[in-house]
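Below is one structure, written out as structure tokens; comments come after it.
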Amino acid sequence: MSTSIPFHRSLLGRALIFGVLPSVLVMASVVTINAQRAMSRFSETLERDLRRATELAAEDIGLRNEATLNLVRMMARTQETGMFGQRAQTLRFIERTAKSDNDIYAAYIAYEPNGDGQDGAGAQPGVPAQALGEGGRFYPYFKRDPKNAGAFVLESLQENPQDGGLWYRVPKERFDRSGVADASITKPYSYMGVDIIEHVMPIVIDGQFKGIAGMDASLATIQSRLDRIAKELDADVFLETRGFFIAATSDARGGALRNSKVADSKMGPLFDLASDGNASLQQLADPDTGEPCYFVAVRVKDGAWRLLVRKPSSAATHELWGMLMLNFATAGFGIVVLVALLGGGSMQLARRVRAAQALAERIAAGDLSSDATMNSNHGASLSGGGDETTELTRAMTRMNQDLAGIVGAVRSASTRLAATSAQLAATSREQEATTRGFGGSTAQIASAIREIAATGTELAQSTEAIDAGARRTADAAKAGRVGLDAMAVSMRRLDLATGDIGEHLQVISEKAESINSVVETISKVAEQTNLLSVNAAIEAEKAGDAGLGFLVVAREIRRLADQTASASLDIERIVHQMQGAVSSGVRSMAGFTSEMRGSSSNVQRIANDMSGIMSEMNAVFESFSGVQRGMSSQAIGVRQIDEAVVQVAAGAQQTVVSVGEFGRVADELAHAVAVLQDAVARFQLDEHNVVNSSATPTGTGRA
Amino acid sequence: MQVLFVTIGARRFALDCAEIREVLPVVNYRSALTGPPWLLGLFNLRGALVPLVDLPMLVNGGSESLRMGSRIVVLRLEADLFSAARFHSDSSSFDASVGKLVGLLVPEITGLGECDFTDVGAHAGFAFAGAPHLGPTTVDAQGMVQLLRCRRILEGDAALRELPASTDS
């Protein structure tokens, strides 16, 4: 039932509109911008190059003229500085100078009539007759041999019948007029049938005009140089002086314009563009053909010559067009490729979407057979590809299979529900009988609970006895703690007392020191006394018999002194012993004190331990209180159970009534299942779907 | 005769009390820079400077350490043996009585007593030259004791020869 969709709303149509059209627009704008930029850059470059090339060409021509003028100046200068009148030498000099320059057509020197006073001499060795003019005048003219390009032939100068030797008269008149001798270039004219321009310089000695020196350049030579320039520029070149064309390269007329008047052509105003140094460029219509051309004009360095270059614009832009065409072609190819890729892709996409649509329509119609899915003519696209449409098709297929599974499960479940409802009715009748038996059991439970309550009360009494014992223990520990504190105080007092004893002993030690010093004094006195007695005895001896009595006294004094000395020695020994006893007493006292302090700290520690025991005892009291509280709450719980059992018995009675109600509801359920089975019968199913679902009933819940 | 018993080395000697002027405890003295080894120096005797002689060094050539019983025994000589002034004619400016005193440093005085060196049991001494100071030897309750004639020690020719031409004083 695929409906026809207008092309502009189909997938292919949209792909072309939203994909190809913007690409075409972008490419077109890119190509246009590129072309504009290339055009402006190209014309700038072209004009710059053309101008620069023209300037270079003009410079080249100017340098060429300058070189020739310098040669002419040199010839005149050599005449003025001593060669004037040396005719044979002058001839050799002219020929050598002419040969030094390849572009020169001819070279000459003309003297005034009898200017050197040798006209009458006529031909002489080294001065052939061809070098002489009318009346023996020195009139030599070396011109390039037409048969042999490297050689020059000598002939006499000629004067045109029309102008009577304008080439000589003009420089002479100019010198007479200005008094300044300078080289100049003439306008082109025809001399003896050859179109030339002339570089000429007057010879002036002591302010007197004595003749001229000159060189001719043929217009054909200049023409060939212009041809080279024209070829390089790919343009036409015109060279002008004083209203005459010197040479031109314009197509067929190039030769014809030579030595013709500029006024005869329409090019005149174009030369007026020229200025010194820089070339000026204009884009104008050609005066002859009307074709748009670039015109570049520049003044040659000499000043009197002007160079004009003409280049048709069409030749310049031809290259640009080629480049633009390549751009357009590339853009067109890109668009074609884009259309092909997008069109192909969207057609394939449209085909897959149509396949998925067909499958969905079949499912809507109730066809869930797996053949319909697997045998569809788009089965091949499921294995290949991998884009979103493939996933869509796969999802459709999966949905189809899952639906089939669900419907099968529902169908088998309804069958089993019917059986179950029948079983339910039977079971409810059995339960009714069982509930009646339950009433007897509850009476037994109630008596068991009463026994538990009695046991709990006994247990509570036991815990109270334990609690009392623990309290007595705590009291004893408290009393011990008090005794220990008293002991610590006694210890501290004892410590103070031992300190006092130590101080007293120290005092005794000091006193003994004083006794020592006294004894020392006594010893010294005894020694002095001893010595005194010796001297007394000696004096008594000297006194002879008269001193006998004194001698006895002296001996007695000496004996007393000896006794005093020995007694003082005894005292000293005893004091030393006493000091030793005192210091050992002090040491013992110090040891006793440190032991005392150790005991004191032990007592403190024991007291702390006692405190720890007491706090733990308190924790035990807490626990016992908890147990007692638990016991009383247990007793309450037992009473509550007792009440609950009574209620259960009443509930059992009620259950009997409810079970009857339950049987009635089961019957209604059976009726509802029959209705469900009718509804499910509408779906066509494979055999294996039904079998699988009935084999794994829990699977329906998952699906 | 009344004598002063002294001990030098292990020997007991006796000094004649008639030669002794007095007995003093050991005092500080100023050491002599030159002179024989037995000359210790000068000490101050109640304002007078008196030469001090090491008696053990003089008697047996060995010095002894001082002890509790050590004493200085002051003798009066017949002549001023030690002063440099003795070698000059002008000696009037010196107190002759002081100049004739000399101190003997005795290691130990053991006592004062009566002793007779002339009785039958005494030995008159050996008659060898160079020891005029060693007198006769006798024996008493404590053992043998020899009389030491100190004046002779110092006044003998041998002793005089050993004295330098000039002393520290």
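Each chain in the structure tokens gets a letter, A, B, ..., in the order shown, and its residues are numbered from 1; ligands are numbered from 1 in order too.
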**Item:** Exercise answer, chain B residues close to chain A, 8 Å and only C-alpha atoms, as a ChimeraX atom specification
**Value:** /B:2,17-18,20-25,112
**Asked** If you count only C-alpha atoms, which residues fall within 12 Å of region 339-341 of chain A, apart from same-chain ones fewer than 5 positions away, as a count of residues only?
**Response** 18
**Item:** Residues within 10 Å of Met399 (chain A), only C-alpha atoms, excluding chain neighbours under 5 positions, as number ranges by chain
**Value:** A: 360, 363, 368, 393-394, 404-405
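Counting only C-alpha atoms and comparing A:Phe142, A:Phe152, A:Phe662, A:Tyr105, the residue that lies closest to Arg429 (chain A) is A:Phe662.
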**Complete:** Expressed in Å, the length from CA of Ala470 (chain A) to CA of Gly483 (chain A) is 20.5 Å
**Request:** Find the residues near Ser63 (chain B): any atom within 12 Å, counting only C-alpha atoms, skip ones fewer than 2 places away on the same chain, and give them as a ChimeraX atom specification.
**Result:** /B:8-9,37-40,53-61,65-66,105-107
Selected residues written out with all heavy atoms, as a compact mmCIF listing (two decimals), in the first residue's frame:
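So again-v6.txt came out as:
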```txt
# COMPACT_ATOMS: atom_id res chain seq x y z
N ILE B 8 121.97 10.62 109.49
CA ILE B 8 122.27 10.90 108.07
C ILE B 8 122.39 9.55 107.41
O ILE B 8 123.21 8.72 107.80
CB ILE B 8 123.57 11.70 107.92
CG1 ILE B 8 123.44 13.06 108.62
CG2 ILE B 8 123.92 11.87 106.44
CD1 ILE B 8 124.72 13.83 108.66
N GLY B 9 121.55 9.33 106.40
CA GLY B 9 121.48 7.99 105.81
C GLY B 9 120.95 7.06 106.89
O GLY B 9 119.96 7.36 107.52
N PRO B 37 128.63 21.56 95.35
CA PRO B 37 127.25 21.03 95.38
C PRO B 37 126.65 21.09 96.77
O PRO B 37 125.43 21.14 96.89
CB PRO B 37 127.43 19.59 94.89
CG PRO B 37 128.86 19.27 95.00
CD PRO B 37 129.63 20.54 94.87
N TRP B 38 127.43 21.09 97.84
CA TRP B 38 126.84 21.09 99.20
C TRP B 38 126.43 22.46 99.64
O TRP B 38 125.79 22.63 100.66
CB TRP B 38 127.80 20.45 100.20
CG TRP B 38 129.25 20.89 100.07
CD1 TRP B 38 130.23 20.21 99.47
CD2 TRP B 38 129.82 22.10 100.57
NE1 TRP B 38 131.42 20.86 99.53
CE2 TRP B 38 131.20 22.06 100.20
CE3 TRP B 38 129.36 23.21 101.27
CZ2 TRP B 38 132.09 23.08 100.53
CZ3 TRP B 38 130.26 24.20 101.60
CH2 TRP B 38 131.60 24.15 101.21
N LEU B 39 126.79 23.53 98.91
CA LEU B 39 126.38 24.89 99.29
C LEU B 39 124.99 25.17 98.72
O LEU B 39 124.81 25.27 97.51
CB LEU B 39 127.39 25.91 98.74
CG LEU B 39 127.08 27.36 99.12
CD1 LEU B 39 127.15 27.57 100.62
CD2 LEU B 39 128.04 28.29 98.41
N LEU B 40 123.96 25.27 99.63
CA LEU B 40 122.58 25.43 99.13
C LEU B 40 122.27 26.88 98.82
O LEU B 40 121.54 27.16 97.88
CB LEU B 40 121.59 24.93 100.19
CG LEU B 40 121.59 23.42 100.40
CD1 LEU B 40 120.72 23.06 101.59
CD2 LEU B 40 121.09 22.71 99.17
N VAL B 53 124.30 25.08 104.35
CA VAL B 53 125.09 23.95 103.82
C VAL B 53 124.28 22.68 103.97
O VAL B 53 123.59 22.47 104.97
CB VAL B 53 126.43 23.84 104.60
CG1 VAL B 53 127.13 22.54 104.25
CG2 VAL B 53 127.31 25.02 104.29
N ASP B 54 124.30 21.83 102.91
CA ASP B 54 123.59 20.55 102.93
C ASP B 54 124.50 19.54 103.62
O ASP B 54 125.49 19.07 103.02
CB ASP B 54 123.27 20.13 101.48
CG ASP B 54 122.32 18.95 101.44
OD1 ASP B 54 121.90 18.49 102.51
OD2 ASP B 54 122.01 18.48 100.32
N LEU B 55 124.20 19.19 104.91
CA LEU B 55 125.11 18.34 105.68
C LEU B 55 125.27 16.95 105.08
O LEU B 55 126.40 16.45 104.96
CB LEU B 55 124.66 18.26 107.15
CG LEU B 55 125.63 17.57 108.09
CD1 LEU B 55 126.95 18.33 108.15
CD2 LEU B 55 125.04 17.45 109.49
N PRO B 56 124.17 16.22 104.66
CA PRO B 56 124.36 14.89 104.06
C PRO B 56 125.27 14.94 102.83
O PRO B 56 126.11 14.07 102.67
CB PRO B 56 122.94 14.47 103.68
CG PRO B 56 122.04 15.27 104.53
CD PRO B 56 122.74 16.57 104.76
N MET B 57 125.11 15.98 101.99
CA MET B 57 125.95 16.09 100.81
C MET B 57 127.40 16.25 101.22
O MET B 57 128.31 15.70 100.62
CB MET B 57 125.49 17.30 99.96
CG MET B 57 126.27 17.53 98.69
SD MET B 57 126.01 16.22 97.49
CE MET B 57 124.49 16.73 96.76
N LEU B 58 127.63 17.01 102.34
CA LEU B 58 128.99 17.28 102.80
C LEU B 58 129.62 16.03 103.41
O LEU B 58 130.78 15.71 103.18
CB LEU B 58 128.94 18.40 103.83
CG LEU B 58 130.25 19.07 104.18
CD1 LEU B 58 130.82 19.75 102.95
CD2 LEU B 58 130.02 20.11 105.27
N VAL B 59 128.77 15.23 104.10
CA VAL B 59 129.32 14.08 104.86
C VAL B 59 129.50 12.87 103.94
O VAL B 59 130.56 12.27 103.91
CB VAL B 59 128.41 13.75 106.04
CG1 VAL B 59 128.84 12.45 106.70
CG2 VAL B 59 128.46 14.86 107.06
N ASN B 60 128.44 12.49 103.21
CA ASN B 60 128.58 11.26 102.42
C ASN B 60 128.25 11.45 100.93
O ASN B 60 128.07 10.49 100.20
CB ASN B 60 127.72 10.14 103.01
CG ASN B 60 126.24 10.48 102.96
OD1 ASN B 60 125.87 11.50 102.38
ND2 ASN B 60 125.42 9.66 103.56
N GLY B 61 128.15 12.72 100.48
CA GLY B 61 128.01 12.99 99.02
C GLY B 61 126.62 12.73 98.48
O GLY B 61 126.41 12.78 97.28
N SER B 65 115.82 13.89 101.29
CA SER B 65 114.60 14.70 101.26
C SER B 65 114.25 15.20 102.66
O SER B 65 114.60 14.56 103.64
CB SER B 65 113.44 13.86 100.71
OG SER B 65 113.28 12.71 101.48
N LEU B 66 113.53 16.34 102.73
CA LEU B 66 113.16 16.93 104.02
C LEU B 66 112.03 16.14 104.62
O LEU B 66 111.22 15.54 103.93
CB LEU B 66 112.75 18.40 103.83
CG LEU B 66 113.84 19.32 103.29
CD1 LEU B 66 113.30 20.73 103.13
CD2 LEU B 66 115.02 19.31 104.25
N LEU B 105 121.84 22.09 107.13
CA LEU B 105 120.50 21.48 106.94
C LEU B 105 120.63 20.01 107.33
O LEU B 105 121.33 19.25 106.66
CB LEU B 105 120.05 21.63 105.49
CG LEU B 105 118.62 21.13 105.20
CD1 LEU B 105 117.61 21.95 105.99
CD2 LEU B 105 118.32 21.22 103.72
N VAL B 106 119.96 19.63 108.48
CA VAL B 106 120.09 18.26 109.01
C VAL B 106 118.80 17.52 108.71
O VAL B 106 117.72 18.04 109.00
CB VAL B 106 120.32 18.31 110.54
CG1 VAL B 106 120.51 16.89 111.07
CG2 VAL B 106 121.53 19.13 110.85
N PRO B 107 118.84 16.31 108.12
CA PRO B 107 117.62 15.60 107.74
C PRO B 107 116.74 15.32 108.93
O PRO B 107 115.54 15.52 108.85
CB PRO B 107 118.13 14.31 107.12
CG PRO B 107 119.54 14.56 106.76
CD PRO B 107 120.07 15.59 107.69
```
Which residues, written as a tab-separated table (two decimals) with all heavy atoms, in the first residue's frame, have at least one atom at most 7 Å from region 623-638 of chain A, with only C-alpha atoms counted and residues fewer than 2 positions away on the same chain left out?
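part.tsv was written with the following content:
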```tsv
chain	number	residue	atom	x	y	z
A	449	ILE	N	3.67	-20.21	76.91
A	449	ILE	CA	4.10	-18.83	77.14
A	449	ILE	C	4.09	-18.50	78.62
A	449	ILE	O	4.98	-17.85	79.16
A	449	ILE	CB	3.18	-17.87	76.37
A	449	ILE	CG1	3.57	-17.94	74.88
A	449	ILE	CG2	3.31	-16.44	76.86
A	449	ILE	CD1	2.56	-17.32	73.98
A	453	ALA	N	7.22	-16.99	81.16
A	453	ALA	CA	7.11	-15.81	82.01
A	453	ALA	C	7.61	-16.13	83.42
A	453	ALA	O	8.36	-15.34	84.02
A	453	ALA	CB	5.65	-15.35	82.07
A	456	GLY	N	11.45	-16.25	83.51
A	456	GLY	CA	12.04	-14.89	83.42
A	456	GLY	C	12.06	-14.23	84.79
A	456	GLY	O	13.04	-13.60	85.17
A	460	ALA	N	15.41	-12.77	86.95
A	460	ALA	CA	15.53	-11.39	87.45
A	460	ALA	C	15.99	-11.38	88.89
A	460	ALA	O	16.86	-10.60	89.27
A	460	ALA	CB	14.18	-10.68	87.31
A	467	ASP	N	24.12	-8.37	91.63
A	467	ASP	CA	24.32	-6.92	91.69
A	467	ASP	C	24.72	-6.51	93.10
A	467	ASP	O	25.69	-5.77	93.30
A	467	ASP	CB	22.99	-6.25	91.31
A	467	ASP	CG	23.17	-4.76	91.14
A	467	ASP	OD1	24.34	-4.35	90.90
A	467	ASP	OD2	22.18	-4.00	91.26
A	619	ALA	N	30.96	0.23	85.63
A	619	ALA	CA	30.47	-0.23	84.33
A	619	ALA	C	29.67	-1.52	84.49
A	619	ALA	O	28.63	-1.70	83.86
A	619	ALA	CB	31.66	-0.46	83.39
A	620	VAL	N	30.19	-2.44	85.38
A	620	VAL	CA	29.47	-3.70	85.61
A	620	VAL	C	28.08	-3.41	86.16
A	620	VAL	O	27.11	-4.01	85.73
A	620	VAL	CB	30.27	-4.58	86.59
A	620	VAL	CG1	29.46	-5.80	87.01
A	620	VAL	CG2	31.56	-5.04	85.93
A	621	PHE	N	28.00	-2.42	87.10
A	621	PHE	CA	26.67	-2.06	87.64
A	621	PHE	C	25.74	-1.65	86.52
A	621	PHE	O	24.59	-2.07	86.46
A	621	PHE	CB	26.77	-0.88	88.61
A	621	PHE	CG	27.53	-1.23	89.87
A	621	PHE	CD1	28.20	-0.26	90.60
A	621	PHE	CD2	27.56	-2.55	90.31
A	621	PHE	CE1	28.89	-0.59	91.74
A	621	PHE	CE2	28.25	-2.87	91.46
A	621	PHE	CZ	28.93	-1.89	92.18
A	640	GLN	N	2.25	-9.71	76.26
A	640	GLN	CA	1.66	-9.27	74.98
A	640	GLN	C	1.44	-10.46	74.06
A	640	GLN	O	0.43	-10.55	73.37
A	640	GLN	CB	2.60	-8.26	74.31
A	640	GLN	CG	2.50	-6.88	74.94
A	640	GLN	CD	3.55	-5.93	74.44
A	640	GLN	OE1	4.50	-6.37	73.81
A	640	GLN	NE2	3.38	-4.65	74.74
A	641	ILE	N	2.41	-11.42	74.04
A	641	ILE	CA	2.26	-12.62	73.19
A	641	ILE	C	0.99	-13.37	73.61
A	641	ILE	O	0.20	-13.82	72.77
A	641	ILE	CB	3.50	-13.52	73.33
A	641	ILE	CG1	4.70	-12.86	72.64
A	641	ILE	CG2	3.25	-14.88	72.68
A	641	ILE	CD1	6.01	-13.54	72.93
A	642	ASP	N	0.81	-13.44	74.91
A	642	ASP	CA	-0.36	-14.15	75.44
A	642	ASP	C	-1.64	-13.54	74.87
A	642	ASP	O	-2.48	-14.25	74.33
A	642	ASP	CB	-0.33	-14.03	76.97
A	642	ASP	CG	-1.29	-15.03	77.60
A	642	ASP	OD1	-1.70	-15.95	76.85
A	642	ASP	OD2	-1.61	-14.87	78.80
```
**Message:** Neighbouring residues of Ala35 (chain A) were defined as those with any atom within 9 Å, considering only C-alpha atoms; residues of the same chain fewer than 5 positions away were excluded. Please report them as a PyMOL selection string.
**Reply:** chain A and resi 30+40+320+323-324+327
**Request:** Please identify which residues in region 184-417 of chain A DSSP calls helix (DSSP H, G or I) from the backbone, and express them as number ranges by chain.
**Result:** A: 219-233, 254-257, 262-264, 268-271, 313-364, 370-374, 379-383, 388-417
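As for CA of Arg73 (chain A) and CA of Met201 (chain A), they are spaced 6.2 Å apart.
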